[in-house]
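Engineer: Input: one structure, supplied below.
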Amino acid sequence: MSTFYITTPIYYANGEPHAGHAYTTIAADALARYHRIKGDDVFFLTGVDEHGANIDKTAEKEGLTPQTFCDKLAPIFTQLWERLNISNDIFLRTTSDLHKRGIKKFLTALYESGDVYKAPYEGYYCRPCERFFPEKELTDEKICPIHKLPLEWVKEENYFFRLSKYQDRLLQHYSDNPDFVHPESRRNELLNVLESGLEDTSISRSSVSWGIPLPFDPKHIAYVWIDALPNYITALGYDADSENYRTFWPANVHMMAKEITRFHAILWPAMLMAADLPLPKQIIAHGWLTKDGEALSKTRGIFIDMDGDIAKYGVDSFRYYLLREFSFGNDGDYRPSRLHQRYNADLANDLGNLLNRVLGLVNKNFDGIPEPTTPGEFDDEVKEMAQTTTEKLDAHMKSFAFDSALETIWEFVRRVNRYVQQTEVWTLAKPETKPRMGTILYNSLEALRYVSVLLSPFIPETAEKIQKQIGLTEFDTVAEWGHLPVDLKVSRGEPIFPRVDLKKEKTPQPKEAEKPKKKTKAQESNLISFAEFQKLDLRVGSVISAEQVQGADRLLKLQVDLGTEKRQVVAGIAEHYKPDVLVGKQVIVVVNLEPATIRNVESHGMILAAGDDSVVLVSPETDVQLGTQVR
RNA sequence: GCCGGUGUAGCUCAGUGGUAGAGCGCACGACUCAUAAUCGUGCUGUCCGGAGUUCGACUCUCCGCACCGGCACCA
């Protein structure tokens with residue numbers, strides 16, 4: 001028996017889980033379940049990453065200690081996984097003792113490898129990012145490009161990991177293991193990064209308090225990624241060299257969304273090399289979800305309504321849609337209308353109706369499942385197709401093509417529908433043809449049982465419902481033709497996927513009223529005085545002209561009329577605003593910001609905008625006189 | 001701007017140097033066991049644009065456009 005260890009990332013617990021988390025976890029769950037029915041010894045990990053300054057900060061905003069905050073949030077994740085039928089074997093929290101013991105051992109091993117060194121470090125630091133900004137990334141204002149906050153000049157002793165040393169070994173590993181990173185496009189990107197050189201990376205933060213102290217110097221706290229990545233071994237009981245650890249490490253699959261492949265495919269393997277531990281076999285990156293063509297965005301209120309869609313179509317339909325519709329690895333556009341189509345066409349019509357019609361015929365004509373006494377036309381074809389379906393399915397699962405995997409199963413479902421049609425089984429109730437009828441119905445039910453086994457990794461609840469209606473009391477996971485016993489009492493129940501007709505229920509939509517933004521009384525510790533606020537000179541200006549800055553995708557060069565003067569301002573909004581729509585627009589300008597030169601273009605001020613992943617310009621509600629002060 | 005990818009039926013996508021494919025949707029027909037389900041048949045395409053190689057290109061080469069991703073950039 002082979003073993004199979006699969007992980008999702010441990011999700012950063014500074015907010016509630018969303019559809020992106022669900023997507024990764026459902027895909028991992030499908031793989032885990034698939035390997036279980038194949039007889040592998042499976043261990044499936046998911047969890048939460050609970051340390052770091054961001055969580056500390058979010059907790060503080062809510063008026064909680066970080067530990068209390070995490071204790072509140074972790075169950076929200078586990079409850080979602082229960083609802084989605086996720087079959088994880090462990091839910092790891094980085095605040096757990098198990099993890100802390102493991103980290104202690106791992107970091108000690110890393111330290112003893114000689115590839116950790118202490119170096120004084122001073123430089124510009126962004127607290128929310130928890131990182132220093134190297135000289136080349138600095139600009140005149142010394143502001144963090146992500147958080148727009150002033151960088152602090154921080155002097156601290158930090159520990160570094162000699163990542164640079166592992167460049168060659170990593171490159172070698174990539175070339176020896178072409179499947180190490182999947183899909184290939186990600187692999188190529190990482191190869192580029194590797195070839196262009198690695199820098200040593202700092203692994204500790206002395207300015208952060210919420211985390212795990214370095215075992216060899218407890219005044220320093222481990223950097224969140226250094227704390228988080230080893231969870232994949234600590235969860236197995238690496239600290240005590242437990243049986244799980246010896247059985248399951250190295251992992252077969254680390255599954256994740258594409259934005260964190262670097263940490264997993266470069267930093268983590270290098271750390272393992274240093275600690276002299278085996279590397280995971282495959283790093284699998286999938287794409288992002290969009291919603292009706294738009295990027296998900298908290299600020300713009302674009303999100304996937306998991307609760308609503310699950311309530312309407314059921315958990316399995318949600319799982320089915322995510323896995324069937326998108327080619328893993330590529331970004332996928334989540335469209336409720338497509339979910340609806342998939343539901344009716346695939347689940348209700350093809351599968352649900354097939355089960356229902358076959359059970360109806362058995363019920364009406366036999367006491368239990370009839371014996372297949374009378375072979376005939378098409379029987380062998382169906383039987384053989386069951387076998388080839390299994391083989392094709394396996395190939396698709398090996399390449400993480402869940403969409404093709406499900407399509408393959410559906411080809412078989414359609415074949416069975418055709419079988420029922422071709423044999424016209426409902427016409428065979430006469431005494432002389434009844435044995436043939438029984439045989440066809442047996443084959444059809446066996447095909448459905450077989451299908452339920454193949455489907456169980458993807459839509460486990462449905463698989464069980466199918467077998468229950470067929471009359472099996474315990475779930476049969478054997479994908480071998482002929483396993484279905486005769487004489488079982490079938491129990492044709494309600495259709496497993498009742499059609500959902502959109503027209504009939506016109507109006508149950510408006511329930512999705514905007515969730516009221518959680519009012520979290522900011523217990524601001526970093527308040528500024530009114531005097532400090534007054535230093536800001538904000539004024540209303542009007543955009544006279546706008547053009548793209550040469551060689552920069554995000555930058556626009558704006559000429560702004562402030563009434564008394566005109567200013568040239570560079571703004572990083574090109575991805576969200578076309579130059580010509582800006583002309584004539586009133587905007588708020590920070591007038592007394594020191595000038596800067598960005599990509600050879602001078603900027604005298606800054607335009608206010610809201611948002612992080614998407615950007616919306618701030619503008620007076622009605623036009624006001626140019627130069628009006630904002631306060 | 002640099003590097004990489006993609007661009008095929010209304011939608012999601014597969015595909016090959018030699019007359020264009022699947023599923024969904026749509027139209028028509030068959031059937032009536034079944035959830036207005038199933039089965040069959042059919043329809044639509046300048047296979048992104050242009051040039052080139054070739055007897056012949058959707059498939060190869062070059063140029064361009066659009067979109068996506070990585071890097072740079074975000075005052």
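FYI, nothing fancy with the structure tokens labels: chains A, B, ... in order, residues from 1 per chain, ligands from 1 as they appear.
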Name all residues at most 9 Å from region 72-76 of chain A (count only C-alpha atoms (C1' of nucleotides); drop same-chain ones fewer than 3 positions away) and give them as a VMD selection string.
Structural biologist: chain A and resid 13 to 17 47 to 48 50 67 to 69 79 to 81 93
Engineer: Taking only C-alpha atoms (C1' of nucleotides) into account, report as a PyMOL selection string which residues of chain A lie within 8 Å of chain B.
Structural biologist: chain A and resi 139+141+143+145-146+148+185+188-189+325+341-342+345+348-349+352-354+356-358+360-361+417-418+421-422+425-426+495+497-499+550-555+571-573+596+599+605-606
Engineer: Which value, in Å to one decimal, gives the distance between CA of Pro431 (chain A) and CA of Val490 (chain A)?
Structural biologist: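 Atom-to-atom, CA of Pro431 (chain A) and CA of Val490 (chain A) are spaced 21.6 Å apart.
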Engineer: Write out as a ChimeraX atom specification the residues lying within 12 Å of region 164-174 of chain A, counting only C-alpha atoms (C1' of nucleotides) and excluding same-chain residues fewer than 6 positions away.
Structural biologist: /A:114-116,180-182,184,187-202,265-274,278-283
Engineer: May I have the residues from that selection written out with N, CA and C atoms, as a CSV table (one decimal), in the first residue's frame?
Structural biologist:
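Writing the result to out.csv gives the following:
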chain,number,residue,atom,x,y,z
A,114,GLY,N,24.5,25.4,10.2
A,114,GLY,CA,25.5,26.4,9.9
A,114,GLY,C,25.1,27.5,8.9
A,115,ASP,N,23.9,27.3,8.4
A,115,ASP,CA,23.4,28.2,7.3
A,115,ASP,C,22.5,29.4,7.9
A,116,VAL,N,22.6,29.5,9.2
A,116,VAL,CA,21.9,30.6,9.8
A,116,VAL,C,22.9,31.5,10.4
A,180,PHE,N,8.3,18.7,-10.5
A,180,PHE,CA,8.3,19.3,-9.1
A,180,PHE,C,7.3,20.4,-8.9
A,181,VAL,N,7.2,21.3,-9.9
A,181,VAL,CA,6.2,22.3,-9.9
A,181,VAL,C,5.2,22.2,-11.0
A,182,HIS,N,4.0,22.3,-10.7
A,182,HIS,CA,2.9,22.1,-11.7
A,182,HIS,C,2.0,23.3,-11.5
A,184,GLU,N,3.4,23.8,-15.7
A,184,GLU,CA,4.7,24.1,-16.2
A,184,GLU,C,5.0,25.6,-16.3
A,187,ARG,N,6.4,26.7,-13.2
A,187,ARG,CA,7.7,26.1,-13.1
A,187,ARG,C,8.7,27.0,-13.8
A,188,ASN,N,8.3,27.4,-15.0
A,188,ASN,CA,9.2,28.3,-15.8
A,188,ASN,C,9.5,29.6,-15.1
A,189,GLU,N,8.4,30.1,-14.5
A,189,GLU,CA,8.6,31.4,-13.8
A,189,GLU,C,9.6,31.2,-12.7
A,190,LEU,N,9.5,30.1,-11.9
A,190,LEU,CA,10.4,29.9,-10.8
A,190,LEU,C,11.8,29.7,-11.3
A,191,LEU,N,11.9,29.0,-12.4
A,191,LEU,CA,13.3,28.8,-12.9
A,191,LEU,C,13.9,30.1,-13.2
A,192,ASN,N,13.1,31.0,-13.8
A,192,ASN,CA,13.6,32.4,-14.0
A,192,ASN,C,14.2,33.0,-12.8
A,193,VAL,N,13.4,32.9,-11.7
A,193,VAL,CA,13.8,33.5,-10.4
A,193,VAL,C,15.1,32.9,-10.0
A,194,LEU,N,15.1,31.6,-10.0
A,194,LEU,CA,16.3,30.8,-9.6
A,194,LEU,C,17.5,31.2,-10.4
A,195,GLU,N,17.3,31.3,-11.7
A,195,GLU,CA,18.5,31.7,-12.5
A,195,GLU,C,19.0,33.1,-12.3
A,196,SER,N,18.1,33.9,-11.9
A,196,SER,CA,18.5,35.3,-11.7
A,196,SER,C,19.1,35.6,-10.4
A,197,GLY,N,19.2,34.5,-9.6
A,197,GLY,CA,19.9,34.6,-8.3
A,197,GLY,C,19.1,34.8,-7.1
A,198,LEU,N,19.5,34.2,-6.0
A,198,LEU,CA,18.8,34.3,-4.7
A,198,LEU,C,19.6,35.1,-3.7
A,199,GLU,N,18.9,35.8,-2.9
A,199,GLU,CA,19.5,36.5,-1.8
A,199,GLU,C,19.2,35.9,-0.5
A,200,ASP,N,20.1,36.0,0.5
A,200,ASP,CA,19.8,35.5,1.8
A,200,ASP,C,18.6,36.1,2.3
A,201,THR,N,17.9,35.4,3.2
A,201,THR,CA,16.6,36.0,3.6
A,201,THR,C,16.6,36.0,5.2
A,202,SER,N,16.0,37.1,5.7
A,202,SER,CA,16.0,37.2,7.1
A,202,SER,C,14.9,36.3,7.7
A,265,ALA,N,8.2,26.6,-3.3
A,265,ALA,CA,9.0,25.9,-4.3
A,265,ALA,C,10.5,26.4,-4.2
A,266,ILE,N,10.8,27.4,-3.5
A,266,ILE,CA,12.1,27.8,-3.4
A,266,ILE,C,12.6,27.9,-1.9
A,267,LEU,N,11.9,28.7,-1.1
A,267,LEU,CA,12.4,28.8,0.3
A,267,LEU,C,12.2,27.5,1.1
A,268,TRP,N,11.1,26.9,1.0
A,268,TRP,CA,10.8,25.7,1.8
A,268,TRP,C,11.8,24.6,1.4
A,269,PRO,N,11.9,24.3,0.1
A,269,PRO,CA,12.9,23.2,-0.2
A,269,PRO,C,14.3,23.5,0.3
A,270,ALA,N,14.7,24.8,0.2
A,270,ALA,CA,16.1,25.2,0.6
A,270,ALA,C,16.2,24.9,2.1
A,271,MET,N,15.1,25.3,2.9
A,271,MET,CA,15.2,25.1,4.3
A,271,MET,C,15.3,23.6,4.6
A,272,LEU,N,14.6,22.8,3.9
A,272,LEU,CA,14.6,21.4,4.1
A,272,LEU,C,16.0,20.8,3.7
A,273,MET,N,16.6,21.3,2.7
A,273,MET,CA,17.9,20.9,2.3
A,273,MET,C,18.9,21.2,3.4
A,274,ALA,N,18.8,22.4,4.0
A,274,ALA,CA,19.7,22.8,5.1
A,274,ALA,C,19.5,21.9,6.3
A,278,PRO,N,14.1,15.3,3.5
A,278,PRO,CA,13.6,15.1,2.1
A,278,PRO,C,12.6,16.2,1.7
A,279,LEU,N,12.6,16.4,0.4
A,279,LEU,CA,11.7,17.5,-0.2
A,279,LEU,C,10.4,16.9,-0.6
A,280,PRO,N,9.4,17.8,-0.5
A,280,PRO,CA,8.0,17.3,-1.0
A,280,PRO,C,8.2,17.0,-2.5
A,281,LYS,N,7.2,16.1,-2.9
A,281,LYS,CA,7.4,15.6,-4.3
A,281,LYS,C,6.8,16.6,-5.3
A,282,GLN,N,5.7,17.3,-5.0
A,282,GLN,CA,5.1,18.2,-6.0
A,282,GLN,C,4.5,19.4,-5.4
A,283,ILE,N,4.7,20.5,-6.0
A,283,ILE,CA,4.1,21.8,-5.6
A,283,ILE,C,3.1,22.1,-6.7
Engineer: So that I can check the surroundings of Arg436 (chain A), please list as a list in words every protein, DNA and RNA residue that reaches within 8 Å of it, counting only C-alpha atoms (C1' of nucleotides) and ignoring chain neighbours fewer than 2 positions away.
Structural biologist: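 Counting only C-alpha atoms (C1' of nucleotides), the residues come to Pro372, Thr373, Thr374, Pro375, Gly376, Leu428, Thr433, Lys434, Gly438, Thr439 and Ile440 of chain A.
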Engineer: Give me, as number ranges by chain, all polymer residues having an atom no more than 12 Å from U53 (chain B), counting only C-alpha atoms (C1' of nucleotides) and skipping those fewer than 6 positions away in the same chain.
Structural biologist: B: 17, 60-62
Engineer: Please provide the set of residues having any atom within 12 Å of Asn244 (chain A), restricted to only C-alpha atoms (C1' of nucleotides), with same-chain residues fewer than 2 positions apart removed, written as JSON, numbers by chain.
Structural biologist: {"A": [3, 4, 5, 41, 42, 43, 44, 89, 90, 232, 233, 234, 235, 236, 237, 238, 239, 240, 241, 242, 246, 247, 248, 249, 250, 251]}
Engineer: Between CA of Tyr577 (chain A) and CA of Gln548 (chain A), what is the distance, to one decimal in Å?
Structural biologist: 10.4 Å
Engineer: Which residue gives the smallest distance to Leu455 (chain A) among A:Asp276, A:Glu371, A:Glu432, A:Glu407, with only C-alpha atoms counted?
Structural biologist: A:Glu407
Engineer: As number ranges by chain, please: every residue in region 300-448 of chain A that a backbone DSSP assignment puts in helix (DSSP H, G or I).
Structural biologist: A: 306-313, 315-325, 336-365, 379-398, 402-423, 425-427, 431-448
Engineer: Output C-alpha atoms for every residue in that selection, as an mmCIF file, in the first residue's frame.
Structural biologist:
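Okay, part_26.cif is ready:
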data_model
loop_
_atom_site.group_PDB
_atom_site.id
_atom_site.type_symbol
_atom_site.label_atom_id
_atom_site.label_comp_id
_atom_site.auth_asym_id
_atom_site.auth_seq_id
_atom_site.Cartn_x
_atom_site.Cartn_y
_atom_site.Cartn_z
ATOM 1 C CA MET A 306 -20.910 30.552 -1.214
ATOM 2 C CA ASP A 307 -23.665 30.461 1.364
ATOM 3 C CA GLY A 308 -26.334 31.512 -1.082
ATOM 4 C CA ASP A 309 -25.289 29.125 -3.825
ATOM 5 C CA ILE A 310 -24.872 26.227 -1.432
ATOM 6 C CA ALA A 311 -28.270 26.892 0.052
ATOM 7 C CA LYS A 312 -29.768 26.857 -3.409
ATOM 8 C CA TYR A 313 -27.953 23.978 -5.046
ATOM 9 C CA VAL A 315 -22.724 21.521 -1.209
ATOM 10 C CA ASP A 316 -21.988 18.905 -3.829
ATOM 11 C CA SER A 317 -23.161 21.108 -6.640
ATOM 12 C CA PHE A 318 -20.799 23.805 -5.460
ATOM 13 C CA ARG A 319 -17.934 21.324 -5.277
ATOM 14 C CA TYR A 320 -18.894 19.886 -8.643
ATOM 15 C CA TYR A 321 -19.038 23.239 -10.337
ATOM 16 C CA LEU A 322 -15.659 24.395 -9.050
ATOM 17 C CA LEU A 323 -13.943 21.208 -10.105
ATOM 18 C CA ARG A 324 -15.802 20.628 -13.366
ATOM 19 C CA GLU A 325 -15.872 24.053 -14.905
ATOM 20 C CA PRO A 336 -23.774 31.669 -10.850
ATOM 21 C CA SER A 337 -25.587 31.277 -14.162
ATOM 22 C CA ARG A 338 -23.104 28.602 -15.189
ATOM 23 C CA LEU A 339 -23.449 26.854 -11.872
ATOM 24 C CA HIS A 340 -27.160 26.778 -12.519
ATOM 25 C CA GLN A 341 -26.691 25.335 -16.000
ATOM 26 C CA ARG A 342 -24.263 22.729 -14.762
ATOM 27 C CA TYR A 343 -26.621 21.800 -12.015
ATOM 28 C CA ASN A 344 -29.595 21.202 -14.234
ATOM 29 C CA ALA A 345 -27.798 19.722 -17.223
ATOM 30 C CA ASP A 346 -25.241 17.477 -15.566
ATOM 31 C CA LEU A 347 -26.467 16.744 -12.087
ATOM 32 C CA ALA A 348 -30.243 16.835 -12.362
ATOM 33 C CA ASN A 349 -30.804 15.677 -15.947
ATOM 34 C CA ASP A 350 -27.966 13.308 -16.693
ATOM 35 C CA LEU A 351 -27.179 11.769 -13.340
ATOM 36 C CA GLY A 352 -30.122 12.353 -11.014
ATOM 37 C CA ASN A 353 -32.716 11.481 -13.570
ATOM 38 C CA LEU A 354 -30.868 8.354 -14.633
ATOM 39 C CA LEU A 355 -30.875 7.045 -11.087
ATOM 40 C CA ASN A 356 -34.491 7.919 -10.670
ATOM 41 C CA ARG A 357 -35.691 6.273 -13.863
ATOM 42 C CA VAL A 358 -33.777 3.060 -13.289
ATOM 43 C CA LEU A 359 -34.937 2.753 -9.699
ATOM 44 C CA GLY A 360 -38.481 3.425 -10.812
ATOM 45 C CA LEU A 361 -38.336 0.532 -13.244
ATOM 46 C CA VAL A 362 -36.870 -1.822 -10.662
ATOM 47 C CA ASN A 363 -39.489 -0.832 -8.146
ATOM 48 C CA LYS A 364 -42.334 -1.349 -10.515
ATOM 49 C CA ASN A 365 -41.220 -4.687 -11.898
ATOM 50 C CA ASP A 379 -23.941 -5.194 -22.077
ATOM 51 C CA ASP A 380 -20.269 -5.758 -22.758
ATOM 52 C CA GLU A 381 -19.859 -2.324 -24.183
ATOM 53 C CA VAL A 382 -21.119 -0.756 -20.976
ATOM 54 C CA LYS A 383 -19.040 -3.042 -18.820
ATOM 55 C CA GLU A 384 -15.903 -2.280 -20.794
ATOM 56 C CA MET A 385 -16.551 1.400 -20.674
ATOM 57 C CA ALA A 386 -16.632 1.255 -16.888
ATOM 58 C CA GLN A 387 -13.109 -0.076 -16.979
ATOM 59 C CA THR A 388 -11.755 2.427 -19.490
ATOM 60 C CA THR A 389 -13.407 5.234 -17.571
ATOM 61 C CA THR A 390 -11.431 4.248 -14.502
ATOM 62 C CA GLU A 391 -8.220 4.259 -16.464
ATOM 63 C CA LYS A 392 -8.825 7.630 -18.063
ATOM 64 C CA LEU A 393 -9.863 9.049 -14.728
ATOM 65 C CA ASP A 394 -6.607 7.960 -13.201
ATOM 66 C CA ALA A 395 -4.581 9.656 -15.896
ATOM 67 C CA HIS A 396 -6.472 12.891 -15.416
ATOM 68 C CA MET A 397 -6.096 12.831 -11.667
ATOM 69 C CA LYS A 398 -2.374 12.339 -12.030
ATOM 70 C CA PHE A 402 -10.284 17.637 -12.410
ATOM 71 C CA ASP A 403 -12.394 19.043 -15.217
ATOM 72 C CA SER A 404 -11.399 16.292 -17.614
ATOM 73 C CA ALA A 405 -11.771 13.733 -14.858
ATOM 74 C CA LEU A 406 -15.397 14.680 -14.335
ATOM 75 C CA GLU A 407 -16.061 14.955 -18.036
ATOM 76 C CA THR A 408 -14.766 11.407 -18.396
ATOM 77 C CA ILE A 409 -17.166 10.143 -15.755
ATOM 78 C CA TRP A 410 -20.009 11.956 -17.445
ATOM 79 C CA GLU A 411 -19.257 10.312 -20.769
ATOM 80 C CA PHE A 412 -19.983 7.097 -18.975
ATOM 81 C CA VAL A 413 -23.163 8.446 -17.381
ATOM 82 C CA ARG A 414 -24.392 9.447 -20.811
ATOM 83 C CA ARG A 415 -23.510 6.027 -22.127
ATOM 84 C CA VAL A 416 -25.681 4.434 -19.467
ATOM 85 C CA ASN A 417 -28.561 6.712 -20.356
ATOM 86 C CA ARG A 418 -28.112 5.611 -23.925
ATOM 87 C CA TYR A 419 -28.006 1.976 -22.826
ATOM 88 C CA VAL A 420 -31.391 2.324 -21.169
ATOM 89 C CA GLN A 421 -32.682 4.031 -24.280
ATOM 90 C CA GLN A 422 -31.219 1.618 -26.814
ATOM 91 C CA THR A 423 -32.522 -1.455 -25.036
ATOM 92 C CA VAL A 425 -35.929 -1.649 -21.192
ATOM 93 C CA TRP A 426 -39.334 -0.315 -20.157
ATOM 94 C CA THR A 427 -40.950 -2.332 -22.921
ATOM 95 C CA PRO A 431 -43.003 -12.561 -18.918
ATOM 96 C CA GLU A 432 -40.908 -13.784 -21.857
ATOM 97 C CA THR A 433 -38.603 -10.772 -21.807
ATOM 98 C CA LYS A 434 -38.549 -10.144 -18.090
ATOM 99 C CA PRO A 435 -35.215 -11.912 -17.463
ATOM 100 C CA ARG A 436 -33.609 -9.657 -20.048
ATOM 101 C CA MET A 437 -35.220 -6.667 -18.419
ATOM 102 C CA GLY A 438 -33.801 -7.724 -15.073
ATOM 103 C CA THR A 439 -30.357 -8.044 -16.549
ATOM 104 C CA ILE A 440 -30.430 -4.605 -18.097
ATOM 105 C CA LEU A 441 -31.631 -3.078 -14.883
ATOM 106 C CA TYR A 442 -28.958 -4.884 -12.913
ATOM 107 C CA ASN A 443 -26.315 -3.572 -15.286
ATOM 108 C CA SER A 444 -27.706 -0.083 -15.071
ATOM 109 C CA LEU A 445 -27.707 -0.125 -11.302
ATOM 110 C CA GLU A 446 -24.245 -1.587 -11.211
ATOM 111 C CA ALA A 447 -23.108 1.158 -13.563
ATOM 112 C CA LEU A 448 -24.619 3.694 -11.195
#
Engineer: Could you tell me how far CA of Thr25 (chain A) lies from CA of Gly314 (chain A), in Å and to one decimal?
Structural biologist: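 Value for the CA of Thr25 (chain A)-CA of Gly314 (chain A) distance: 17.1 Å.
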Engineer: Mind checking which residues fall within 12 Å of A9 (chain B), counting only C-alpha atoms (C1' of nucleotides), ignoring those fewer than 6 positions away in the same chain, and posting them as a ChimeraX atom specification?
Structural biologist: /B:20-22,24-26,43-45,47
